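> First, the structure itself, so that you have it in front of you.
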Amino acid sequence: MFRPLRLGISGSSFIFAMADELRIAAYVTPVRGVPAKLGERLNRTMLQFTREMMRTVNRVAEGDTGCALECYYSSSWDSEAVLDIVLEDPKVEFWSVHGPYGLHFDLSSPSESVRENGVAAYLDVIRIAARLGARTVVAHPGANEDYDLPKAERLGLSIEPFRRIVDFAAGNSIRIAIEPLPKKEVGSRLEEVLEIVERIDRPNVGVNFDVNHVYPPEAMPDMIRQAGARILSVHVSDQDGIERHWLPFKGTLDWEKILAALMEVGYSGPLVYETHIHDVETCDQVGEAIVKNYRRLIELAPALA
């Protein structure tokens with residue numbers, strides 16, 4: 001039985017331990033356009049990085065905090081080869097898989113072909129999650145782009161693609177957790193995400209509540225209560241009214257009230273650290289920083305201390 005508010009780590013927390021060339025090719029470039037497949041050399045670099053990351057998270061998992069892992073999906077790298085490494089001898093709990101983000105996968109795009117790209121990618125993500133035994137897929141409903149089509153109409157365009165994704169996920173006993181992102185896209189506010197969830201109208205869809213992506217910081221506990229039982233997963237990092245992805249305690253979020261609100265609404269999953277830790281050279285440095293921070297954070301949840 002997994003305990004509530006256990007430690008979780010997103011694979012994206014390790015991106016600054018990546019070689020710059022790999023990080024740009026695999027993460028940065030796909031956001032703005034069509035993702036390119038990594039060449040043989042960068043795929044080898046990706047596999048080496050994956051081995052290092054898995055050694056780190058497996059060591060964390062064997063410690064007293066345990067570790068739930070959110071894997072990150074990219075169509076750029078060789079997914080089969082990466083999965084083979086991830087599944088070699090895992091000690092972690094595979095909690096979730098984060099789906100793709102960018103113009104090529106925008107489920108609310110005015111372009112039907114782009115929406116179909118998004119559907120195809122998310123069906124692939126669901127297959128990967130099923131192979132890992134992860135029961136949650138995190139999804140963004142839009143992309144950071146100025147479109148001529150009004151936002152309300154683009155939100156409407158996302159519903160049918162999402163229903164297809166959610167129904168396919170249900171056949172694999174997987175939930176879709178839709179995440180807000182405070183940029184130009186559909187889903188930039190919690191209210192928009194909740195509207196999408198309600199209009200999809202399926203039991204296996206809800207919210208990935210990212211405390212770095214909704215504002216203002218002081219309203220976070222009330223927004224958690226607003227989302228309530230629809231919260232399927234949680235990303236933690238700190239902010240000061242702007243998207244920061246800092247480690248908790250660097251920004252202005254009231255973590256004691258946030259943890260209390262999560263417990264109040266019955267959230268029983270992990271606190272998935274999606275933090276961007278700069279000035280690191282190894283995955284172990286990232287893991288050590290997160291574990292140290294989590295030990296301090298979880299002390300603020302008295303019922304679990």
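In the structure tokens, each chain is lettered A, B, ... as it comes, each chain's residues begin at 1, and ligands are numbered from 1 in order of appearance.
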List the neighbours of Arg55 (chain A) out to 12 Å using only C-alpha atoms; skip same-chain residues closer than 6 positions along the sequence, and give me the result as a compact mmCIF listing (two decimals) with N, CA and C atoms, in the first residue's frame.


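So the final result, stored in result.txt, reads:
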```txt
# COMPACT_ATOMS: atom_id res chain seq x y z
N GLN A 48 22.68 6.84 -22.51
CA GLN A 48 23.62 6.99 -21.39
C GLN A 48 22.98 7.82 -20.28
N PHE A 49 22.31 8.90 -20.68
CA PHE A 49 21.63 9.75 -19.70
C PHE A 49 20.53 8.97 -18.97
N ALA A 61 14.56 5.31 -4.58
CA ALA A 61 13.43 4.42 -4.28
C ALA A 61 13.76 3.41 -3.19
N GLU A 62 15.03 3.03 -3.10
CA GLU A 62 15.42 2.05 -2.08
C GLU A 62 15.68 2.70 -0.72
N ILE A 85 15.95 0.26 -21.15
CA ILE A 85 16.81 0.65 -20.03
C ILE A 85 15.98 0.91 -18.78
N VAL A 86 14.89 1.64 -18.94
CA VAL A 86 14.03 1.98 -17.81
C VAL A 86 13.52 0.71 -17.10
N LEU A 87 13.26 -0.33 -17.89
CA LEU A 87 12.67 -1.55 -17.35
C LEU A 87 13.69 -2.63 -17.02
N GLU A 88 14.97 -2.29 -17.06
CA GLU A 88 16.00 -3.30 -16.80
C GLU A 88 15.87 -3.91 -15.41
N ASP A 89 15.85 -3.09 -14.38
CA ASP A 89 15.72 -3.59 -13.00
C ASP A 89 15.14 -2.48 -12.13
N PRO A 90 13.91 -2.08 -12.41
CA PRO A 90 13.37 -0.90 -11.73
C PRO A 90 13.03 -1.16 -10.27
N LYS A 91 13.35 -0.18 -9.44
CA LYS A 91 12.96 -0.21 -8.03
C LYS A 91 11.86 0.82 -7.76
N VAL A 92 11.66 1.72 -8.70
CA VAL A 92 10.70 2.81 -8.53
C VAL A 92 9.27 2.34 -8.77
N THR A 282 25.35 16.16 -12.48
CA THR A 282 24.96 14.76 -12.48
C THR A 282 23.52 14.58 -12.02
N CYS A 283 22.94 13.46 -12.38
CA CYS A 283 21.59 13.13 -11.90
C CYS A 283 21.58 12.91 -10.40
N ASP A 284 22.67 12.39 -9.85
CA ASP A 284 22.72 12.20 -8.39
C ASP A 284 22.58 13.52 -7.65
N GLY A 287 18.90 14.30 -7.63
CA GLY A 287 18.19 13.43 -6.70
C GLY A 287 18.43 13.80 -5.25
```

> List the spatial neighbours of region 123-140 of chain A as a compact mmCIF listing (two decimals) with N, CA and C atoms, in the first residue's frame - criterion: any atom at most 9 Å away, only C-alpha atoms, same-chain residues fewer than 4 positions off excluded.


```txt
# COMPACT_ATOMS: atom_id res chain seq x y z
N GLU A 70 7.65 9.91 -12.66
CA GLU A 70 6.90 10.33 -13.84
C GLU A 70 7.86 10.34 -15.02
N CYS A 71 7.64 9.46 -15.96
CA CYS A 71 8.47 9.41 -17.16
C CYS A 71 8.01 10.47 -18.15
N TYR A 73 7.65 11.69 -22.09
CA TYR A 73 7.57 11.17 -23.45
C TYR A 73 8.12 12.18 -24.45
N SER A 79 12.23 5.51 -28.38
CA SER A 79 11.46 5.14 -27.19
C SER A 79 11.67 3.70 -26.77
N LEU A 83 12.97 2.64 -23.17
CA LEU A 83 12.14 1.79 -22.32
C LEU A 83 12.88 0.54 -21.86
N VAL A 86 14.89 1.64 -18.94
CA VAL A 86 14.03 1.98 -17.81
C VAL A 86 13.52 0.71 -17.10
N LEU A 87 13.26 -0.33 -17.89
CA LEU A 87 12.67 -1.55 -17.35
C LEU A 87 13.69 -2.63 -17.02
N GLU A 93 8.34 3.13 -8.28
CA GLU A 93 6.93 3.00 -8.64
C GLU A 93 6.73 3.84 -9.92
N PHE A 94 6.29 3.22 -10.98
CA PHE A 94 5.98 3.99 -12.19
C PHE A 94 4.59 4.60 -12.02
N TRP A 95 4.57 5.89 -11.73
CA TRP A 95 3.33 6.56 -11.40
C TRP A 95 2.63 7.12 -12.64
N SER A 96 3.37 7.82 -13.49
CA SER A 96 2.74 8.52 -14.61
C SER A 96 3.71 8.67 -15.78
N VAL A 97 3.13 9.01 -16.92
CA VAL A 97 3.91 9.38 -18.11
C VAL A 97 3.39 10.73 -18.57
N HIS A 98 4.30 11.67 -18.77
CA HIS A 98 3.94 13.01 -19.23
C HIS A 98 3.94 13.02 -20.75
N GLY A 99 2.81 13.41 -21.33
CA GLY A 99 2.67 13.44 -22.78
C GLY A 99 3.42 14.59 -23.42
N PRO A 100 3.38 14.66 -24.75
CA PRO A 100 4.14 15.67 -25.49
C PRO A 100 3.51 17.05 -25.37
N TYR A 101 4.34 18.07 -25.57
CA TYR A 101 3.86 19.44 -25.57
C TYR A 101 4.51 20.19 -26.73
N ASP A 106 -0.74 20.00 -30.65
CA ASP A 106 -1.77 20.82 -30.02
C ASP A 106 -3.17 20.27 -30.29
N LEU A 107 -3.80 19.74 -29.24
CA LEU A 107 -5.13 19.16 -29.38
C LEU A 107 -6.22 20.20 -29.59
N GLY A 118 -1.58 15.08 -32.44
CA GLY A 118 -1.67 14.99 -30.99
C GLY A 118 -2.33 13.69 -30.53
N VAL A 119 -3.43 13.32 -31.18
CA VAL A 119 -4.11 12.08 -30.81
C VAL A 119 -3.17 10.89 -30.99
N ILE A 165 -8.85 10.03 -26.88
CA ILE A 165 -7.69 9.66 -26.06
C ILE A 165 -8.13 9.05 -24.75
N PHE A 168 -9.58 5.54 -25.20
CA PHE A 168 -8.52 4.57 -25.44
C PHE A 168 -7.79 4.27 -24.13
N ALA A 169 -7.56 5.30 -23.32
CA ALA A 169 -6.90 5.12 -22.03
C ALA A 169 -7.75 4.22 -21.12
N ASN A 172 -7.24 0.69 -21.32
CA ASN A 172 -5.97 0.23 -20.75
C ASN A 172 -5.88 0.50 -19.25
N SER A 173 -7.03 0.81 -18.63
CA SER A 173 -7.11 1.11 -17.19
C SER A 173 -6.20 2.26 -16.80
N ILE A 174 -6.18 3.29 -17.65
CA ILE A 174 -5.33 4.46 -17.44
C ILE A 174 -6.19 5.71 -17.37
N ARG A 175 -5.78 6.65 -16.52
CA ARG A 175 -6.47 7.92 -16.36
C ARG A 175 -5.70 9.02 -17.10
N ILE A 176 -6.43 10.02 -17.58
CA ILE A 176 -5.81 11.19 -18.21
C ILE A 176 -5.95 12.37 -17.26
N ALA A 177 -4.81 12.95 -16.89
CA ALA A 177 -4.78 14.09 -15.98
C ALA A 177 -4.38 15.33 -16.77
N ILE A 178 -5.30 16.26 -16.95
CA ILE A 178 -5.07 17.45 -17.78
C ILE A 178 -4.46 18.55 -16.93
N GLU A 179 -3.39 19.14 -17.45
CA GLU A 179 -2.59 20.09 -16.69
C GLU A 179 -2.72 21.51 -17.23
N PRO A 180 -2.96 22.49 -16.37
CA PRO A 180 -2.94 23.88 -16.81
C PRO A 180 -1.51 24.34 -17.09
N LEU A 181 -1.38 25.31 -17.96
CA LEU A 181 -0.08 25.92 -18.25
C LEU A 181 -0.31 27.40 -18.53
N VAL A 186 -5.02 27.20 -24.67
CA VAL A 186 -6.17 26.64 -23.98
C VAL A 186 -5.66 25.89 -22.75
N GLY A 187 -6.33 26.09 -21.62
CA GLY A 187 -5.88 25.46 -20.38
C GLY A 187 -4.91 26.31 -19.61
N VAL A 207 -7.59 16.18 -13.32
CA VAL A 207 -6.65 17.28 -13.34
C VAL A 207 -5.28 16.84 -12.83
N ASN A 208 -4.24 17.26 -13.54
CA ASN A 208 -2.90 17.24 -12.96
C ASN A 208 -2.69 18.64 -12.38
N LEU A 232 -5.99 14.17 -9.96
CA LEU A 232 -5.48 12.81 -10.14
C LEU A 232 -3.98 12.73 -9.88
N SER A 233 -3.28 13.83 -10.06
CA SER A 233 -1.85 13.86 -9.83
C SER A 233 -1.45 15.30 -9.51
```

> Please give the complete set of residues from region 38-250 of chain A that DSSP, run on the backbone, assigns to strand (DSSP E), formatted as number ranges by chain.

A: 68-72, 93-98, 136-139, 175-178, 205-210, 231-236

> Write out, as a PDB file, in the first residue's frame, the residues just selected, with C-alpha atoms.


```
ATOM      1  CA  ALA A  68       7.355   7.369  -7.656  1.00  0.00           C
ATOM      2  CA  LEU A  69       8.560   8.263 -11.143  1.00  0.00           C
ATOM      3  CA  GLU A  70       6.899  10.331 -13.840  1.00  0.00           C
ATOM      4  CA  CYS A  71       8.470   9.410 -17.157  1.00  0.00           C
ATOM      5  CA  TYR A  72       8.613  12.016 -19.910  1.00  0.00           C
ATOM      6  CA  GLU A  93       6.931   3.000  -8.645  1.00  0.00           C
ATOM      7  CA  PHE A  94       5.978   3.988 -12.192  1.00  0.00           C
ATOM      8  CA  TRP A  95       3.327   6.565 -11.401  1.00  0.00           C
ATOM      9  CA  SER A  96       2.736   8.519 -14.610  1.00  0.00           C
ATOM     10  CA  VAL A  97       3.909   9.378 -18.111  1.00  0.00           C
ATOM     11  CA  HIS A  98       3.938  13.008 -19.232  1.00  0.00           C
ATOM     12  CA  THR A 136      -1.801   8.092 -15.168  1.00  0.00           C
ATOM     13  CA  VAL A 137      -0.955  10.069 -18.303  1.00  0.00           C
ATOM     14  CA  VAL A 138      -0.451  13.827 -17.968  1.00  0.00           C
ATOM     15  CA  ALA A 139      -1.718  15.920 -20.888  1.00  0.00           C
ATOM     16  CA  ARG A 175      -6.468   7.925 -16.355  1.00  0.00           C
ATOM     17  CA  ILE A 176      -5.814  11.186 -18.211  1.00  0.00           C
ATOM     18  CA  ALA A 177      -4.783  14.095 -15.978  1.00  0.00           C
ATOM     19  CA  ILE A 178      -5.074  17.451 -17.781  1.00  0.00           C
ATOM     20  CA  VAL A 205     -10.288  12.083 -16.738  1.00  0.00           C
ATOM     21  CA  GLY A 206      -9.287  14.716 -14.211  1.00  0.00           C
ATOM     22  CA  VAL A 207      -6.647  17.284 -13.340  1.00  0.00           C
ATOM     23  CA  ASN A 208      -2.900  17.243 -12.962  1.00  0.00           C
ATOM     24  CA  PHE A 209      -2.673  20.046 -10.407  1.00  0.00           C
ATOM     25  CA  ASP A 210       0.619  21.856 -10.964  1.00  0.00           C
ATOM     26  CA  ILE A 231      -7.149  15.969  -8.859  1.00  0.00           C
ATOM     27  CA  LEU A 232      -5.477  12.814 -10.136  1.00  0.00           C
ATOM     28  CA  SER A 233      -1.846  13.864  -9.832  1.00  0.00           C
ATOM     29  CA  VAL A 234       0.177  16.777  -8.441  1.00  0.00           C
ATOM     30  CA  HIS A 235       3.329  18.570  -9.623  1.00  0.00           C
ATOM     31  CA  VAL A 236       5.265  20.469  -6.969  1.00  0.00           C
TER      32      VAL A 236
END
```

> Need to verify the contact set: Glu198 (chain A), 12 Å, only C-alpha atoms, exclusion of same-chain residues closer than 4 positions in sequence. Can you return it as a PyMOL selection string?

chain A and resi 156+159+162-163+178+191-194+202-207+227+230

> For Ala17 (chain A), please output as a list in words all residues within 12 Å (counting only C-alpha atoms; exclusion window: fewer than 5 positions along the same chain).

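Near neighbours after the sequence-gap exclusion: Gly11, Ser12, Leu22, Arg23, Met46, Gln48, Phe49, Thr50, Glu52, Met53, Thr56, His276, Ile277, His278, Asp279, Val280, Glu281, Thr282, Cys283, Asp284, Gln285, Val286 and Gly287 of chain A.
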
> From the DSSP assignment of the backbone, select every residue of region 25-236 of chain A that is helix (DSSP H, G or I), and format the answer as a PyMOL selection string.

chain A and resi 25-32+40-61+79-86+103-105+112-132+151-170+190-200+217-230

> Ranking A:Leu149, A:Trp246, A:Glu264, A:Leu253 by minimum distance to Gly228 (chain A) and counting only C-alpha atoms, which one comes first?

A:Glu264

> Considering only C-alpha atoms, return as a VMD selection string whatever protein or nucleic-acid residues lie within 10 Å of Lys184 (chain A), sequence-local ones (same chain, fewer than 2 positions apart) excluded.

chain A and resid 142 to 147 151 181 to 182 186 to 188

> Save out the residues we just selected, N, CA and C atoms, as a short mmCIF file (atom, residue, chain, number, x, y, z; two decimals), in the first residue's frame.


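again22.cif written:
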```cif
data_model
loop_
_atom_site.label_atom_id
_atom_site.label_comp_id
_atom_site.auth_asym_id
_atom_site.auth_seq_id
_atom_site.Cartn_x
_atom_site.Cartn_y
_atom_site.Cartn_z
N GLY A 142 -3.27 22.46 -24.95
CA GLY A 142 -2.96 23.46 -25.97
C GLY A 142 -1.49 23.65 -26.16
N ALA A 143 -1.13 24.74 -26.83
CA ALA A 143 0.26 25.10 -27.06
C ALA A 143 0.38 26.61 -27.02
N ASN A 144 1.57 27.09 -26.74
CA ASN A 144 1.81 28.51 -26.53
C ASN A 144 1.97 29.22 -27.88
N GLU A 145 0.83 29.56 -28.48
CA GLU A 145 0.84 30.14 -29.82
C GLU A 145 -0.32 31.13 -29.97
N ASP A 146 -0.09 32.19 -30.71
CA ASP A 146 -1.17 33.11 -31.07
C ASP A 146 -1.91 32.56 -32.29
N TYR A 147 -3.20 32.30 -32.12
CA TYR A 147 -4.04 31.85 -33.23
C TYR A 147 -5.08 32.92 -33.52
N LYS A 151 -10.11 31.74 -28.28
CA LYS A 151 -9.74 30.68 -27.35
C LYS A 151 -10.92 29.76 -27.02
N LEU A 181 -1.38 25.31 -17.96
CA LEU A 181 -0.08 25.92 -18.25
C LEU A 181 -0.31 27.40 -18.53
N PRO A 182 0.32 28.30 -17.77
CA PRO A 182 -0.07 29.73 -17.81
C PRO A 182 0.57 30.52 -18.94
N VAL A 186 -5.02 27.20 -24.67
CA VAL A 186 -6.17 26.64 -23.98
C VAL A 186 -5.66 25.89 -22.75
N GLY A 187 -6.33 26.09 -21.62
CA GLY A 187 -5.88 25.46 -20.38
C GLY A 187 -4.91 26.31 -19.61
N SER A 188 -4.89 27.60 -19.88
CA SER A 188 -3.97 28.48 -19.15
C SER A 188 -4.47 28.80 -17.75
#
```

> State, in Å with one decimal place, the distance from CA of Val211 (chain A) to CA of Ser13 (chain A).

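Spanning CA of Val211 (chain A) to CA of Ser13 (chain A) is a straight-line distance of 15.1 Å.
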
> Within 7 Å of Asn212 (chain A), counting only C-alpha atoms, which residues qualify if same-chain residues fewer than 3 places away don't, as a compact mmCIF listing (two decimals) with N, CA and C atoms, in the first residue's frame?


```txt
# COMPACT_ATOMS: atom_id res chain seq x y z
N VAL A 236 4.84 19.47 -7.94
CA VAL A 236 5.26 20.47 -6.97
C VAL A 236 6.55 21.16 -7.41
N SER A 237 6.55 22.45 -7.25
CA SER A 237 7.72 23.32 -7.39
C SER A 237 7.25 24.68 -6.90
N ASP A 238 8.17 25.59 -6.67
CA ASP A 238 7.78 26.86 -6.07
C ASP A 238 7.75 27.98 -7.10
N GLN A 239 7.09 29.07 -6.73
CA GLN A 239 6.90 30.21 -7.62
C GLN A 239 6.67 31.46 -6.79
N GLU A 243 5.77 31.60 -13.42
CA GLU A 243 6.25 30.23 -13.58
C GLU A 243 7.76 30.18 -13.34
N ARG A 244 8.16 29.40 -12.33
CA ARG A 244 9.58 29.37 -11.93
C ARG A 244 10.17 27.95 -11.90
N HIS A 245 9.40 26.98 -11.41
CA HIS A 245 9.89 25.62 -11.21
C HIS A 245 11.06 25.57 -10.23
```

> Tell me, in Å to one decimal, how far CA of Gly33 (chain A) is from CA of His104 (chain A).

5.8 Å

> Could you tell me how far CA of Asp148 (chain A) lies from CA of Ser113 (chain A), in Å and to one decimal?

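Distance between the two atoms: 17.1 Å.
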
> Using only C-alpha atoms, pick whichever of A:Glu116, A:Glu256, A:Glu153, A:Asp222 has the shortest atom-to-atom distance to Leu300 (chain A).

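Of all the options, A:Glu256 lies closest to Leu300 (chain A).
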
> Have a look at A:Ala19, A:Ala25, A:Val291, A:Met223 and name the one nearest to Cys67 (chain A); count only C-alpha atoms.

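Of A:Ala19, A:Ala25, A:Val291, A:Met223, the one nearest Cys67 (chain A) is A:Val291, counting only C-alpha atoms.
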
> Could you check the closest approach to Val57 (chain A) for each of A:Gly269, A:Gly102, A:Pro216, A:Gly8 and tell me which residue wins, using only C-alpha atoms?

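Of the candidates, the smallest distance to Val57 (chain A) is held by A:Gly8.
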